[in-house]
Each structure stands twice: as structure tokens, then as C-alpha cells.
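Dumped my_file_18.cif below, it's mmCIF, C-alpha atoms and all ligand atoms:
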```
data_run
#
loop_
_atom_site.label_atom_id
_atom_site.label_comp_id
_atom_site.auth_asym_id
_atom_site.auth_seq_id
_atom_site.Cartn_x
_atom_site.Cartn_y
_atom_site.Cartn_z
CA MET A 1 42.43 -42.10 -2.28
CA ASP A 2 44.26 -43.08 0.88
CA ILE A 3 45.91 -40.57 3.14
CA ASP A 4 49.46 -41.60 2.19
CA LYS A 5 48.86 -40.78 -1.46
CA VAL A 6 47.34 -37.43 -0.61
CA THR A 7 50.29 -36.63 1.64
CA ILE A 8 52.75 -37.49 -1.11
CA ILE A 9 50.97 -35.35 -3.68
CA PHE A 10 50.74 -32.47 -1.25
CA LYS A 11 54.39 -32.82 -0.33
CA ARG A 12 55.50 -32.92 -3.93
CA GLY A 13 53.32 -29.99 -4.91
CA GLY A 14 54.55 -27.96 -1.96
CA THR A 15 58.13 -28.81 -2.73
CA LEU A 16 57.76 -27.64 -6.30
CA TYR A 17 56.21 -24.35 -5.28
CA ASN A 18 58.85 -23.73 -2.61
CA SER A 19 61.68 -24.53 -4.95
CA PHE A 20 60.31 -22.07 -7.47
CA LEU A 21 60.32 -19.32 -4.86
CA GLU A 22 63.65 -20.32 -3.42
CA LEU A 23 65.41 -20.66 -6.75
CA PHE A 24 64.33 -17.34 -8.17
CA PHE A 25 64.39 -15.03 -5.17
CA PRO A 26 67.70 -15.53 -3.42
CA ASN A 27 68.70 -11.99 -2.41
CA VAL A 28 70.56 -12.35 0.86
CA CYS A 29 74.04 -13.72 1.53
CA THR A 30 73.76 -17.43 2.25
CA PHE A 31 76.22 -17.17 5.14
CA CYS A 32 75.55 -13.86 6.91
CA GLY A 33 72.17 -12.68 5.62
CA LYS A 34 73.46 -9.36 4.23
CA LYS A 35 71.74 -8.12 1.06
CA VAL A 36 73.35 -9.27 -2.18
CA THR A 37 72.49 -8.74 -5.82
CA LYS A 38 74.19 -11.16 -8.20
CA LYS A 39 75.88 -13.86 -6.14
CA SER A 40 74.85 -16.02 -3.21
CA LEU A 41 77.63 -14.71 -0.98
CA CYS A 42 78.63 -11.14 -0.09
CA ALA A 43 82.24 -10.16 -0.88
CA GLU A 44 83.30 -10.64 2.73
CA CYS A 45 81.94 -14.16 3.03
CA GLU A 46 83.30 -15.08 -0.38
CA SER A 47 86.78 -14.12 0.79
CA ILE A 48 86.40 -16.38 3.84
CA LEU A 49 85.56 -19.25 1.48
CA ASN A 50 89.14 -19.30 0.20
CA ALA A 51 90.23 -20.60 3.58
CA TYR A 52 88.56 -23.91 2.77
CA TYR A 53 90.65 -24.52 -0.31
CA GLU A 54 92.77 -27.63 -0.51
CA GLY A 55 94.01 -30.00 -3.22
CA VAL A 56 91.99 -33.08 -4.06
CA GLU A 57 93.36 -36.52 -3.41
CA ASP A 58 91.46 -39.56 -4.58
CA CYS A 59 91.99 -43.23 -3.75
CA ILE A 60 91.60 -44.49 -7.30
CA ASP A 61 94.18 -46.78 -8.93
CA LYS A 62 92.62 -46.90 -12.38
CA LYS A 63 91.04 -43.58 -13.21
CA TYR A 64 88.33 -43.28 -15.83
CA TYR A 65 87.72 -39.57 -15.36
CA ASP A 66 90.20 -37.27 -17.04
CA MET A 67 90.37 -34.75 -14.22
CA ILE A 68 88.75 -33.99 -10.91
CA ILE A 69 87.97 -30.43 -9.88
CA CYS A 70 86.77 -29.81 -6.38
CA ASN A 71 88.12 -26.74 -4.69
CA TYR A 72 86.46 -26.51 -1.31
CA ARG A 73 86.65 -28.64 1.76
CA TYR A 74 83.60 -30.29 3.32
CA ALA A 75 83.96 -28.31 6.54
CA GLY A 76 82.68 -25.32 8.46
CA MET A 77 79.86 -23.24 6.99
CA LEU A 78 79.96 -25.03 3.66
CA LYS A 79 79.49 -28.38 5.36
CA ASN A 80 76.56 -27.02 7.38
CA LYS A 81 74.92 -25.62 4.27
CA MET A 82 75.43 -28.87 2.37
CA LEU A 83 73.81 -30.87 5.18
CA ASP A 84 70.91 -28.43 5.25
CA TYR A 85 70.59 -28.68 1.50
CA LYS A 86 70.62 -32.46 1.40
CA PHE A 87 68.65 -33.35 4.47
CA ASN A 88 66.57 -30.31 5.44
CA ASN A 89 65.24 -29.49 1.99
CA LYS A 90 66.97 -26.07 1.75
CA LYS A 91 67.00 -26.04 -2.02
CA TYR A 92 68.03 -22.42 -2.39
CA PHE A 93 71.59 -23.35 -1.36
CA SER A 94 71.85 -25.03 -4.77
CA ARG A 95 72.61 -21.62 -6.22
CA LEU A 96 75.69 -21.17 -4.05
CA PHE A 97 76.86 -24.67 -4.96
CA GLY A 98 76.19 -23.97 -8.62
CA GLU A 99 78.33 -20.84 -8.37
CA ILE A 100 81.17 -22.86 -6.83
CA ILE A 101 81.12 -25.36 -9.72
CA THR A 102 80.84 -22.56 -12.28
CA ASP A 103 83.90 -20.84 -10.77
CA GLY A 104 85.80 -24.08 -11.32
CA ILE A 105 84.70 -24.16 -14.95
CA THR A 106 85.73 -20.53 -15.51
CA LYS A 107 89.08 -20.72 -13.69
CA ASN A 108 90.08 -23.91 -15.49
CA ARG A 109 88.67 -22.69 -18.83
CA LEU A 110 86.76 -25.92 -19.24
CA LYS A 111 84.81 -26.73 -22.34
CA ALA A 112 82.32 -29.57 -22.70
CA ASP A 113 79.43 -30.67 -24.89
CA TYR A 114 77.21 -30.78 -21.83
CA LEU A 115 77.08 -31.34 -18.12
CA THR A 116 75.21 -34.04 -16.30
CA VAL A 117 74.84 -35.41 -12.77
CA VAL A 118 75.51 -38.53 -10.74
CA PRO A 119 72.05 -40.14 -10.64
CA ILE A 120 70.08 -41.49 -7.71
CA LEU A 121 67.57 -44.34 -7.82
CA SER A 122 64.29 -43.23 -9.41
CA ILE A 123 62.28 -44.53 -6.44
CA LYS A 124 64.40 -42.38 -4.10
CA LYS A 125 63.89 -39.41 -6.37
CA PHE A 126 60.15 -39.97 -6.32
CA PHE A 127 59.94 -39.93 -2.54
CA ARG A 128 62.45 -37.13 -1.98
CA GLY A 129 60.98 -35.17 -4.88
CA TYR A 130 64.38 -34.37 -6.41
CA ASN A 131 67.98 -35.40 -6.95
CA GLN A 132 70.03 -32.82 -5.05
CA CYS A 133 72.59 -32.57 -7.88
CA GLU A 134 70.00 -31.60 -10.50
CA TYR A 135 69.32 -28.19 -8.97
CA ILE A 136 73.05 -27.50 -8.79
CA ALA A 137 73.46 -28.55 -12.43
CA ALA A 138 70.58 -26.31 -13.51
CA HIS A 139 72.32 -23.31 -11.92
CA VAL A 140 75.66 -24.24 -13.50
CA ALA A 141 73.99 -24.44 -16.90
CA SER A 142 72.43 -21.00 -16.54
CA LEU A 143 75.66 -19.42 -15.24
CA SER A 144 78.14 -21.11 -17.59
CA ASN A 145 76.26 -21.56 -20.87
CA ILE A 146 77.14 -25.24 -20.94
CA LYS A 147 73.84 -27.05 -21.35
CA TYR A 148 72.56 -29.52 -18.81
CA GLU A 149 71.64 -32.88 -20.27
CA LYS A 150 69.29 -34.91 -18.10
CA ASN A 151 68.93 -38.69 -18.15
CA VAL A 152 72.42 -39.51 -19.34
CA LEU A 153 73.15 -41.95 -16.54
CA LYS A 154 70.78 -43.93 -14.41
CA LYS A 155 71.21 -45.80 -11.17
CA ILE A 156 69.99 -49.33 -11.69
CA LYS A 157 70.67 -50.95 -8.33
CA ASN A 158 70.28 -49.92 -4.73
CA ASN A 159 73.44 -49.96 -2.66
CA LYS A 160 74.63 -48.96 0.79
CA MET A 161 75.29 -45.29 1.51
CA GLN A 162 78.91 -44.59 0.56
CA SER A 163 79.41 -42.42 3.64
CA THR A 164 79.00 -45.47 5.89
CA LEU A 165 81.81 -47.44 4.21
CA THR A 166 85.62 -47.62 4.10
CA ALA A 167 87.54 -46.64 0.95
CA LYS A 168 87.90 -50.28 -0.10
CA GLU A 169 84.24 -51.07 0.52
CA ARG A 170 83.21 -47.98 -1.45
CA LYS A 171 84.84 -49.30 -4.64
CA GLU A 172 82.95 -52.59 -4.34
CA ASN A 173 79.70 -50.89 -3.36
CA VAL A 174 79.41 -48.86 -6.60
CA LYS A 175 80.22 -51.71 -9.01
CA ASP A 176 77.51 -52.28 -11.67
CA VAL A 177 75.23 -49.73 -10.02
CA TYR A 178 75.12 -47.21 -12.91
CA SER A 179 74.32 -47.46 -16.59
CA VAL A 180 74.03 -45.18 -19.60
CA VAL A 181 70.48 -44.34 -20.70
CA ASP A 182 71.19 -43.59 -24.35
CA LYS A 183 74.60 -44.35 -25.89
CA GLU A 184 73.94 -41.92 -28.75
CA LYS A 185 74.02 -39.07 -26.26
CA VAL A 186 77.43 -40.12 -24.99
CA LEU A 187 79.42 -41.23 -28.03
CA GLY A 188 82.38 -38.93 -28.72
CA LYS A 189 81.23 -36.34 -26.19
CA ASP A 190 83.16 -34.27 -23.64
CA ILE A 191 81.09 -34.44 -20.46
CA ILE A 192 81.23 -32.62 -17.14
CA LEU A 193 79.93 -34.91 -14.41
CA ILE A 194 78.62 -33.20 -11.30
CA ASP A 195 78.31 -34.56 -7.77
CA ASP A 196 77.81 -32.83 -4.43
CA ILE A 197 80.56 -34.39 -2.30
CA PHE A 198 83.76 -36.06 -3.47
CA THR A 199 85.39 -38.41 -0.96
CA THR A 200 87.41 -41.32 -2.34
CA GLY A 201 86.30 -40.80 -5.93
CA ALA A 202 84.71 -44.27 -6.17
CA THR A 203 81.27 -43.03 -7.31
CA MET A 204 82.64 -40.54 -9.83
CA ASN A 205 85.05 -43.13 -11.19
CA GLU A 206 82.34 -45.74 -11.64
CA CYS A 207 80.11 -43.25 -13.48
CA ALA A 208 83.06 -42.16 -15.62
CA LYS A 209 83.83 -45.81 -16.40
CA VAL A 210 80.31 -46.41 -17.64
CA LEU A 211 80.45 -43.22 -19.76
CA LYS A 212 83.84 -44.13 -21.26
CA GLU A 213 82.66 -47.64 -22.05
CA ALA A 214 79.73 -46.08 -23.91
CA GLY A 215 82.21 -44.06 -25.99
CA ALA A 216 82.55 -40.73 -24.15
CA ASN A 217 85.65 -38.83 -25.27
CA LYS A 218 86.34 -37.01 -22.02
CA VAL A 219 84.83 -37.01 -18.53
CA ILE A 220 85.58 -34.10 -16.22
CA ALA A 221 84.51 -34.86 -12.66
CA MET A 222 83.41 -31.84 -10.64
CA ALA A 223 82.14 -31.86 -7.08
CA VAL A 224 81.10 -28.99 -4.85
CA LEU A 225 82.96 -30.15 -1.76
CA HIS A 226 85.83 -32.44 -0.93
CA SER A 227 85.60 -34.62 2.13
CA SER A 228 88.86 -36.22 3.25
CA LYS A 229 87.48 -39.09 5.23
ZN ZN B 1 77.95 -12.62 3.80
#
```
Written as C-alpha cells, how would this file's structure read?
Amino acid sequence: MDIDKVTIIFKRGGTLYNSFLELFFPNVCTFCGKKVTKKSLCAECESILNAYYEGVEDCIDKKYYDMIICNYRYAGMLKNKMLDYKFNNKKYFSRLFGEIITDGITKNRLKADYLTVVPILSIKKFFRGYNQCEYIAAHVASLSNIKYEKNVLKKIKNNKMQSTLTAKERKENVKDVYSVVDKEKVLGKDIILIDDIFTTGATMNECAKVLKEAGANKVIAMAVLHSSK
């Protein structure tokens, strides 16, 4: 076995073990480090969170999702934690992000048959070891009692990173990139679609389009943070 394969196996094994520890033993406030019991943030830090709130604006002319819920701005501490989560492998922040989405579900009294995530390419998932949205979705499912359905959508084509593109380019960049895995799972269903960051809405809208074309009744788009680029 060559060294690359061994490294990959080791990395993936290590990742799994770490995520187990990180997911089940979060007992300090994600922002300040104070001891907490039930939530990821202490009461003080949670009250600071409200300062990030702003309304969501998308750049979509023809919307396929029925509503978009995204209550916190991609800024300050939340932005730092999201970057750490996505690029520095800090999986335990997924709990905080799961709590944010769950709050949105509770406050808006949302009901759905299941929740699912915006997919990434399977090759990317293999090398990274995970899709960052899946951990968030798993927390939402355990906190909200709406089940998490995996493998509803799949990404079938590689494209450029949305964050490097203009609003107009983003719409083009996501065209024909996603498809439904099993139409039976989608037909007539009310679905909550979860993503980490919502910017122009192009990705969410494309996923919602594919779901609606496969017969979904309702698609509620929910993202952890809103970036107004
Ligand atoms: Zn705190």
C-alpha cells in the first residue's frame, strides 16, 4: 500500500474519531469558553448574537424555493467560526450552527416531511471526509424532531467556487450541476433544504428547482449565515 493511501485512511479514521468526541462533548461556550450545559452559547453571548440579525435579500428573479430563512449575518464571531468550521476542520461548531437553524424552525413554526442538505461532489466529500452541511443537519434533526434524509440531491458536475463569482456568474455556474437521487423520496414532499452560507440565493434556487421539477410540494431554504456580497 503506498503512503498516500495510508495517509488518507489515517486521516479519515482520525477525523471520524475526533468528530465523535467533538460532537458529543461540547460543554463550553463556543464564543467565550464559559461552561454551558444545554446550548453552544452562554446567555450573554447568545444575546450578542442578535446584533447580527438582518433581513435576507436574494438576487433571484424566478424563485423555486417557497421561502428563505437566514437570520444571522456572515460577520464578526459567527463568520470566524464558520471559516474555522469549513476550512480548519472544527466540526464541533456544527452544533452551534444546528441550533441557529433549529431556532429558525421553531420561531417560524415550520413543518416539513424531512430536511436535507445542499450536496457537494462525492470526490470532494471523499477527500475532505465530510460535507460540512451534513453535521449541521444531523444536529437540526436531533433538536427539532424533523428527520434528516440523506442522499436526496447529488452534485453531478464540478463547477467554480461560487464565492469567486459575481451574482450573474453565480446563476450560470450552478446550472445543471445538481440532480435528484430518487424521485420517490421527493414527490409531494415538504422539504427543508439546508446550506451554510446564503449569498445571492443561486445555489439554493437551483437545488429547489431540481426538487420542484421532481415533484416536491414545498421547499423551504434555510442557511446558517447570510453574506451580502
Ligand atoms: Zn459565552
- Message: Neighbouring residues of ligand ZN 1 (chain B) are defined here as those with any atom at most 10 Å from a ligand atom, counting only C-alpha atoms and all ligand atoms; list them as a ChimeraX atom specification.
- Response: /A:28-36,40-48
- Message: Considering all atoms listed in the file, can you say which of A:Ile101, A:Val186, A:Leu153, A:Leu110 comes closest to Tyr72 in chain A?
- Response: A:Ile101
Starting from the point (85.2, -31.0, -13.8), work out which residues of protein, DNA or RNA have an atom no more than 9 Å away when counting all atoms listed in the file; state them as a compact mmCIF listing (two decimals) with C-alpha atoms, in the coordinates of the input.
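Output contents, as saved in result24.txt:
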```txt
# COMPACT_ATOMS: atom_id res chain seq x y z
CA ASP A 66 90.20 -37.27 -17.04
CA MET A 67 90.37 -34.75 -14.22
CA ILE A 68 88.75 -33.99 -10.91
CA ILE A 69 87.97 -30.43 -9.88
CA CYS A 70 86.77 -29.81 -6.38
CA ILE A 101 81.12 -25.36 -9.72
CA GLY A 104 85.80 -24.08 -11.32
CA ILE A 105 84.70 -24.16 -14.95
CA ASN A 108 90.08 -23.91 -15.49
CA LEU A 110 86.76 -25.92 -19.24
CA ILE A 191 81.09 -34.44 -20.46
CA ILE A 192 81.23 -32.62 -17.14
CA LEU A 193 79.93 -34.91 -14.41
CA ILE A 194 78.62 -33.20 -11.30
CA VAL A 219 84.83 -37.01 -18.53
CA ILE A 220 85.58 -34.10 -16.22
CA ALA A 221 84.51 -34.86 -12.66
CA MET A 222 83.41 -31.84 -10.64
CA ALA A 223 82.14 -31.86 -7.08
```
- Atom pair CA of Arg73 in chain A + CA of Val56 in chain A, distance 9.1 Å
- Message: I'd like to know which of A:Leu143, A:Ile197, A:Met82, A:Val118 is closest to Lys38 in chain A, using all atoms listed in the file.
- Response: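 So, comparing all the options, the nearest one is A:Leu143.
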- Task: Compare A:Ala75, A:Val180, A:Leu165, A:Ala208 by their minimum atom-to-atom distance to Asn151 in chain A, counting only C-alpha atoms, and give me the closest one.
- Result: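 Counting only C-alpha atoms, the residue closest to Asn151 in chain A is A:Val180.
Pairwise distance (CA of Lys157 in chain A, CA of Leu211 in chain A) equals 16.9 Å.
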- Near Gln132 in chain A, within 9 Å and counting only C-alpha atoms, which residues show up once chain neighbours fewer than 4 positions away are dropped, as a PyMOL selection string? chain A and resi 85-86+91+94+136+195-196
- Query: Which one is closest to Lys79 in chain A: A:Phe97, A:Tyr92, A:Tyr130, A:Tyr64? Count all atoms listed in the file.
  - Reply: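 Answer, going by the shortest atom-to-atom distance: A:Phe97.
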- Message: Here is a test: counting all atoms listed in the file, which residue of A:Lys155, A:Glu57, A:Pro119, A:Lys185 is nearest to Phe198 in chain A?
- Response: A:Glu57
- With distances taken over all atoms listed in the file, which of A:Asn159, A:Ser122, A:Ser228, A:Asn88 is nearest to Val177 in chain A?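 Of all the options, A:Asn159 lies closest to Val177 in chain A.
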- Item | Residue neighbourhood Ala138 in chain A, 12 Å, all atoms listed in the file, exclusion window fewer than 2 positions, as a VMD selection string | chain A and resid 23 94 to 99 101 to 102 114 to 117 131 to 136 140 to 150 194
- Message: As an exercise, work out the distance from CA of Phe87 in chain A to CA of Arg128 in chain A in Å and give it to one decimal place.
- Response: 9.7 Å
- Task: For Lys189 in chain A, list every protein, DNA or RNA residue within 7 Å, evaluated using all atoms listed in the file, and leave out those in the same chain fewer than 5 positions away; present the list as a PyMOL selection string.
- Result: chain A and resi 113+216-218
- Message: I'd like the contact shell of Asn173 in chain A - 10 Å cut-off, all atoms listed in the file, skipping same-chain residues fewer than 5 positions apart - returned as a list of chain:residue names.
- Response: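 Residues near the query, excluding close chain neighbours: A:Asn158, A:Asn159, A:Lys160, A:Met161, A:Gln162, A:Leu165, A:Ala167, A:Lys168, A:Ala202, A:Thr203.
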- Nearby residues, (79.3, -49.4, -18.1) file frame, 6 Å, all atoms listed in the file, as a ChimeraX atom specification: /A:179,210,213
